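Single-structure report; data block below.
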Amino acid sequence: MNPLKITTRDAPTGPVLEIFGELDYTNASELRERVAAATLQPGQRLVLDLGGMRFCDSSGITALIAARSHAQAAEADIALAAVPANTLRVLRIVGLDQIFALHPDSDTAVRS
């Protein structure tokens, strides 16, 4: 089993989830559950900080898309921060860089 650690902190603009480890088919449901449990108000921004993520497979990408859907349902925004180069490449290939706001770090994502 690949370890995944998710920490949550509150920012003035909304929750920030920091993801550490490997986001794959064995644990992508954990991210979906944590996002679903995040309280989002209209106009807030959910930030997923991927700086500590070492690996992301298609299940992880699907979980990111589910997080976007959750934010949209709450009339909130979503941003990805510190996306690792290998994951960023996949996001660009499949066009998801066009639907996610991408930021170099979570502080920038919160401020933008």
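Numbering starts fresh at 1 for the residues of each chain in the structure tokens, the chains themselves are lettered A, B, ... in the order given, and ligands are numbered from 1 as they appear.
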
For the structure I just gave you, how does DSSP split chain A - specifically, which residues are alpha helix (DSSP H)? Reply as a PyMOL selection string. chain A and resi 28-37+58-73+85-93+106-111

Serialized selection, N, CA and C atoms, as a compact mmCIF listing (two decimals), in the first residue's frame:
# COMPACT_ATOMS: atom_id res chain seq x y z
N ALA A 28 -6.93 7.07 -3.83
CA ALA A 28 -7.57 8.26 -4.40
C ALA A 28 -8.90 8.55 -3.72
N SER A 29 -9.57 7.50 -3.24
CA SER A 29 -10.85 7.70 -2.55
C SER A 29 -10.67 8.53 -1.28
N GLU A 30 -9.50 8.43 -0.67
CA GLU A 30 -9.22 9.23 0.53
C GLU A 30 -9.26 10.72 0.21
N LEU A 31 -8.68 11.11 -0.94
CA LEU A 31 -8.73 12.51 -1.34
C LEU A 31 -10.17 12.92 -1.63
N ARG A 32 -10.90 12.08 -2.35
CA ARG A 32 -12.30 12.41 -2.65
C ARG A 32 -13.10 12.61 -1.36
N GLU A 33 -12.87 11.76 -0.36
CA GLU A 33 -13.59 11.88 0.92
C GLU A 33 -13.21 13.16 1.65
N ARG A 34 -11.92 13.49 1.66
CA ARG A 34 -11.47 14.71 2.34
C ARG A 34 -12.02 15.96 1.67
N VAL A 35 -12.06 15.95 0.34
CA VAL A 35 -12.62 17.09 -0.40
C VAL A 35 -14.11 17.20 -0.11
N ALA A 36 -14.81 16.08 -0.14
CA ALA A 36 -16.26 16.10 0.12
C ALA A 36 -16.57 16.62 1.52
N ALA A 37 -15.67 16.38 2.46
CA ALA A 37 -15.86 16.83 3.84
C ALA A 37 -15.50 18.30 4.03
N SER A 58 -4.01 7.69 -13.03
CA SER A 58 -5.29 8.15 -13.58
C SER A 58 -6.37 8.24 -12.50
N SER A 59 -6.32 7.41 -11.49
CA SER A 59 -7.29 7.49 -10.39
C SER A 59 -7.10 8.80 -9.62
N GLY A 60 -5.85 9.20 -9.47
CA GLY A 60 -5.56 10.48 -8.82
C GLY A 60 -6.06 11.65 -9.64
N ILE A 61 -5.85 11.59 -10.94
CA ILE A 61 -6.36 12.65 -11.84
C ILE A 61 -7.88 12.72 -11.73
N THR A 62 -8.53 11.56 -11.69
CA THR A 62 -9.99 11.51 -11.55
C THR A 62 -10.42 12.15 -10.23
N ALA A 63 -9.65 11.92 -9.17
CA ALA A 63 -9.96 12.53 -7.87
C ALA A 63 -9.82 14.05 -7.94
N LEU A 64 -8.85 14.55 -8.70
CA LEU A 64 -8.70 16.00 -8.86
C LEU A 64 -9.90 16.57 -9.61
N ILE A 65 -10.37 15.86 -10.62
CA ILE A 65 -11.55 16.30 -11.38
C ILE A 65 -12.78 16.29 -10.46
N ALA A 66 -12.89 15.26 -9.61
CA ALA A 66 -14.01 15.20 -8.66
C ALA A 66 -13.95 16.38 -7.69
N ALA A 67 -12.74 16.78 -7.29
CA ALA A 67 -12.58 17.94 -6.40
C ALA A 67 -13.07 19.21 -7.10
N ARG A 68 -12.77 19.32 -8.38
CA ARG A 68 -13.25 20.48 -9.16
C ARG A 68 -14.77 20.49 -9.21
N SER A 69 -15.37 19.34 -9.42
CA SER A 69 -16.83 19.24 -9.46
C SER A 69 -17.44 19.63 -8.11
N HIS A 70 -16.80 19.19 -7.02
CA HIS A 70 -17.28 19.53 -5.67
C HIS A 70 -17.24 21.05 -5.48
N ALA A 71 -16.13 21.67 -5.87
CA ALA A 71 -16.00 23.13 -5.74
C ALA A 71 -17.06 23.84 -6.57
N GLN A 72 -17.24 23.40 -7.80
CA GLN A 72 -18.24 24.03 -8.67
C GLN A 72 -19.64 23.91 -8.09
N ALA A 73 -19.97 22.76 -7.51
CA ALA A 73 -21.29 22.54 -6.92
C ALA A 73 -21.53 23.51 -5.77
N ALA A 85 6.29 18.28 -11.81
CA ALA A 85 6.49 18.33 -13.26
C ALA A 85 5.85 17.15 -13.99
N ASN A 86 5.97 15.95 -13.45
CA ASN A 86 5.41 14.79 -14.14
C ASN A 86 3.88 14.85 -14.19
N THR A 87 3.26 15.32 -13.12
CA THR A 87 1.80 15.45 -13.10
C THR A 87 1.36 16.62 -13.98
N LEU A 88 2.12 17.70 -13.96
CA LEU A 88 1.81 18.85 -14.81
C LEU A 88 1.84 18.45 -16.29
N ARG A 89 2.78 17.62 -16.64
CA ARG A 89 2.87 17.15 -18.03
C ARG A 89 1.60 16.39 -18.42
N VAL A 90 1.12 15.51 -17.54
CA VAL A 90 -0.11 14.77 -17.81
C VAL A 90 -1.30 15.73 -17.92
N LEU A 91 -1.38 16.69 -16.99
CA LEU A 91 -2.49 17.65 -17.04
C LEU A 91 -2.49 18.41 -18.37
N ARG A 92 -1.30 18.77 -18.85
CA ARG A 92 -1.21 19.49 -20.12
C ARG A 92 -1.59 18.60 -21.30
N ILE A 93 -1.15 17.36 -21.29
CA ILE A 93 -1.44 16.44 -22.40
C ILE A 93 -2.94 16.24 -22.55
N SER A 106 1.09 27.27 -2.66
CA SER A 106 -0.24 27.49 -2.09
C SER A 106 -0.43 28.95 -1.64
N ASP A 107 0.65 29.63 -1.22
CA ASP A 107 0.50 31.04 -0.84
C ASP A 107 0.04 31.88 -2.02
N THR A 108 0.62 31.64 -3.17
CA THR A 108 0.22 32.36 -4.38
C THR A 108 -1.23 32.00 -4.75
N ALA A 109 -1.58 30.75 -4.62
CA ALA A 109 -2.95 30.31 -4.95
C ALA A 109 -3.97 30.97 -4.04
N VAL A 110 -3.62 31.13 -2.77
CA VAL A 110 -4.54 31.76 -1.82
C VAL A 110 -4.69 33.25 -2.13
N ARG A 111 -3.60 33.89 -2.51
CA ARG A 111 -3.62 35.34 -2.77
C ARG A 111 -4.29 35.71 -4.09

All residues 6 Å or closer to region 75-81 of chain A, only C-alpha atoms, same chain fewer than 6 positions away omitted, as a list in words: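 Listing them by chain and then by number gives Pro42, Gly43, Gln44, Arg45, Leu46, Val47, Leu48, Asp49, Leu50, Phe100, Ala101, Leu102, His103, Pro104, Asp105 and Ser106 of chain A.
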
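CA of Gly52 (chain A) lies 22.6 Å from CA of Gly95 (chain A).
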
Smallest atom-to-atom distance to Arg9 (chain A): which of A:Ala74, A:Asp57, A:Ala38, A:Asp97, using only C-alpha atoms? A:Ala38

Which residues are close to Phe20 (chain A), i.e. within 12 Å by only C-alpha atoms, leaving aside same-chain residues fewer than 6 positions away? Reply as a ChimeraX atom specification. /A:2-8,27,31,48-56,82-84

Hey, what does DSSP flag as strand (DSSP E or B) within chain A? Can you give it to me as a ChimeraX atom specification? /A:4-11,14-23,45-56,77-81,101-103

Using the selection just defined, write its residues with N, CA, C and O atoms as a compact mmCIF listing (two decimals), in the first residue's frame.
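So out-v3.txt came out as:
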# COMPACT_ATOMS: atom_id res chain seq x y z
N LEU A 4 -0.38 7.81 1.68
CA LEU A 4 -0.86 9.12 1.29
C LEU A 4 -1.17 9.87 2.56
O LEU A 4 -1.80 9.33 3.47
N LYS A 5 -0.70 11.10 2.64
CA LYS A 5 -1.00 11.94 3.79
C LYS A 5 -1.63 13.21 3.26
O LYS A 5 -1.12 13.81 2.30
N ILE A 6 -2.74 13.61 3.88
CA ILE A 6 -3.42 14.83 3.49
C ILE A 6 -3.60 15.67 4.74
O ILE A 6 -4.18 15.22 5.73
N THR A 7 -3.09 16.89 4.72
CA THR A 7 -3.31 17.82 5.83
C THR A 7 -4.21 18.93 5.32
O THR A 7 -4.19 19.28 4.13
N THR A 8 -5.01 19.47 6.22
CA THR A 8 -5.93 20.54 5.87
C THR A 8 -5.64 21.74 6.74
O THR A 8 -5.42 21.61 7.94
N ARG A 9 -5.62 22.90 6.11
CA ARG A 9 -5.51 24.14 6.88
C ARG A 9 -6.47 25.15 6.28
O ARG A 9 -6.84 25.05 5.10
N ASP A 10 -6.89 26.07 7.10
CA ASP A 10 -7.81 27.10 6.64
C ASP A 10 -7.04 28.34 6.26
O ASP A 10 -6.14 28.78 6.99
N ALA A 11 -7.37 28.88 5.11
CA ALA A 11 -6.82 30.14 4.64
C ALA A 11 -7.98 31.13 4.58
O ALA A 11 -9.15 30.73 4.59
N GLY A 14 -10.40 30.08 1.93
CA GLY A 14 -11.01 28.76 1.98
C GLY A 14 -9.99 27.71 2.37
O GLY A 14 -8.84 28.01 2.68
N PRO A 15 -10.39 26.43 2.31
CA PRO A 15 -9.50 25.36 2.76
C PRO A 15 -8.34 25.09 1.80
O PRO A 15 -8.48 25.24 0.58
N VAL A 16 -7.22 24.71 2.39
CA VAL A 16 -6.04 24.29 1.64
C VAL A 16 -5.75 22.85 2.05
O VAL A 16 -5.54 22.57 3.23
N LEU A 17 -5.77 21.94 1.09
CA LEU A 17 -5.42 20.55 1.34
C LEU A 17 -4.03 20.30 0.78
O LEU A 17 -3.79 20.53 -0.41
N GLU A 18 -3.12 19.87 1.64
CA GLU A 18 -1.76 19.57 1.22
C GLU A 18 -1.64 18.06 1.08
O GLU A 18 -1.95 17.31 2.01
N ILE A 19 -1.20 17.63 -0.09
CA ILE A 19 -1.15 16.21 -0.42
C ILE A 19 0.30 15.75 -0.47
O ILE A 19 1.12 16.35 -1.17
N PHE A 20 0.58 14.70 0.29
CA PHE A 20 1.94 14.15 0.37
C PHE A 20 1.90 12.67 0.00
O PHE A 20 0.98 11.96 0.40
N GLY A 21 2.88 12.22 -0.75
CA GLY A 21 2.98 10.80 -1.07
C GLY A 21 2.46 10.49 -2.46
O GLY A 21 2.59 11.29 -3.38
N GLU A 22 1.87 9.31 -2.58
CA GLU A 22 1.41 8.83 -3.88
C GLU A 22 -0.11 8.82 -3.93
O GLU A 22 -0.77 8.25 -3.07
N LEU A 23 -0.64 9.48 -4.95
CA LEU A 23 -2.08 9.55 -5.16
C LEU A 23 -2.41 8.58 -6.29
O LEU A 23 -2.18 8.87 -7.46
N ARG A 45 -12.24 29.60 -2.34
CA ARG A 45 -11.35 28.83 -3.20
C ARG A 45 -10.79 27.65 -2.43
O ARG A 45 -10.25 27.79 -1.35
N LEU A 46 -10.94 26.47 -3.03
CA LEU A 46 -10.32 25.25 -2.52
C LEU A 46 -8.96 25.15 -3.20
O LEU A 46 -8.87 25.17 -4.42
N VAL A 47 -7.90 25.06 -2.39
CA VAL A 47 -6.55 24.92 -2.93
C VAL A 47 -6.04 23.52 -2.62
O VAL A 47 -6.08 23.08 -1.46
N LEU A 48 -5.60 22.81 -3.66
CA LEU A 48 -4.95 21.53 -3.48
C LEU A 48 -3.46 21.75 -3.73
O LEU A 48 -3.05 22.04 -4.85
N ASP A 49 -2.68 21.64 -2.66
CA ASP A 49 -1.23 21.83 -2.74
C ASP A 49 -0.60 20.47 -3.00
O ASP A 49 -0.61 19.60 -2.14
N LEU A 50 -0.07 20.30 -4.20
CA LEU A 50 0.48 19.01 -4.62
C LEU A 50 2.00 18.94 -4.49
O LEU A 50 2.63 18.01 -5.00
N GLY A 51 2.59 19.90 -3.81
CA GLY A 51 4.05 19.97 -3.70
C GLY A 51 4.70 18.74 -3.10
O GLY A 51 5.83 18.41 -3.43
N GLY A 52 3.99 18.04 -2.23
CA GLY A 52 4.55 16.84 -1.60
C GLY A 52 4.15 15.55 -2.28
O GLY A 52 4.48 14.46 -1.81
N MET A 53 3.43 15.67 -3.39
CA MET A 53 2.96 14.46 -4.09
C MET A 53 4.07 13.91 -4.97
O MET A 53 4.64 14.61 -5.79
N ARG A 54 4.37 12.63 -4.78
CA ARG A 54 5.46 11.99 -5.53
C ARG A 54 4.97 11.33 -6.81
O ARG A 54 5.73 11.15 -7.76
N PHE A 55 3.70 10.91 -6.83
CA PHE A 55 3.18 10.16 -7.96
C PHE A 55 1.68 10.35 -8.04
O PHE A 55 1.01 10.49 -7.02
N CYS A 56 1.15 10.37 -9.26
CA CYS A 56 -0.29 10.49 -9.47
C CYS A 56 -0.67 9.67 -10.70
O CYS A 56 -0.13 9.90 -11.78
N ASP A 77 -14.31 28.20 -6.17
CA ASP A 77 -13.23 28.08 -7.14
C ASP A 77 -12.29 26.97 -6.66
O ASP A 77 -12.33 26.57 -5.49
N ILE A 78 -11.45 26.49 -7.56
CA ILE A 78 -10.43 25.51 -7.17
C ILE A 78 -9.12 25.90 -7.84
O ILE A 78 -9.12 26.42 -8.96
N ALA A 79 -8.04 25.66 -7.14
CA ALA A 79 -6.71 25.91 -7.70
C ALA A 79 -5.78 24.78 -7.29
O ALA A 79 -5.91 24.22 -6.19
N LEU A 80 -4.86 24.45 -8.18
CA LEU A 80 -3.81 23.49 -7.88
C LEU A 80 -2.52 24.26 -7.68
O LEU A 80 -2.19 25.14 -8.47
N ALA A 81 -1.78 23.90 -6.64
CA ALA A 81 -0.53 24.59 -6.33
C ALA A 81 0.62 23.60 -6.32
O ALA A 81 0.45 22.44 -5.94
N ALA A 101 -6.88 26.33 -12.33
CA ALA A 101 -5.94 27.42 -12.10
C ALA A 101 -4.69 26.79 -11.48
O ALA A 101 -4.79 26.05 -10.51
N LEU A 102 -3.54 27.04 -12.08
CA LEU A 102 -2.28 26.45 -11.61
C LEU A 102 -1.40 27.55 -11.01
O LEU A 102 -1.24 28.61 -11.63
N HIS A 103 -0.85 27.28 -9.84
CA HIS A 103 -0.02 28.26 -9.14
C HIS A 103 1.27 27.60 -8.66
O HIS A 103 1.29 26.40 -8.38
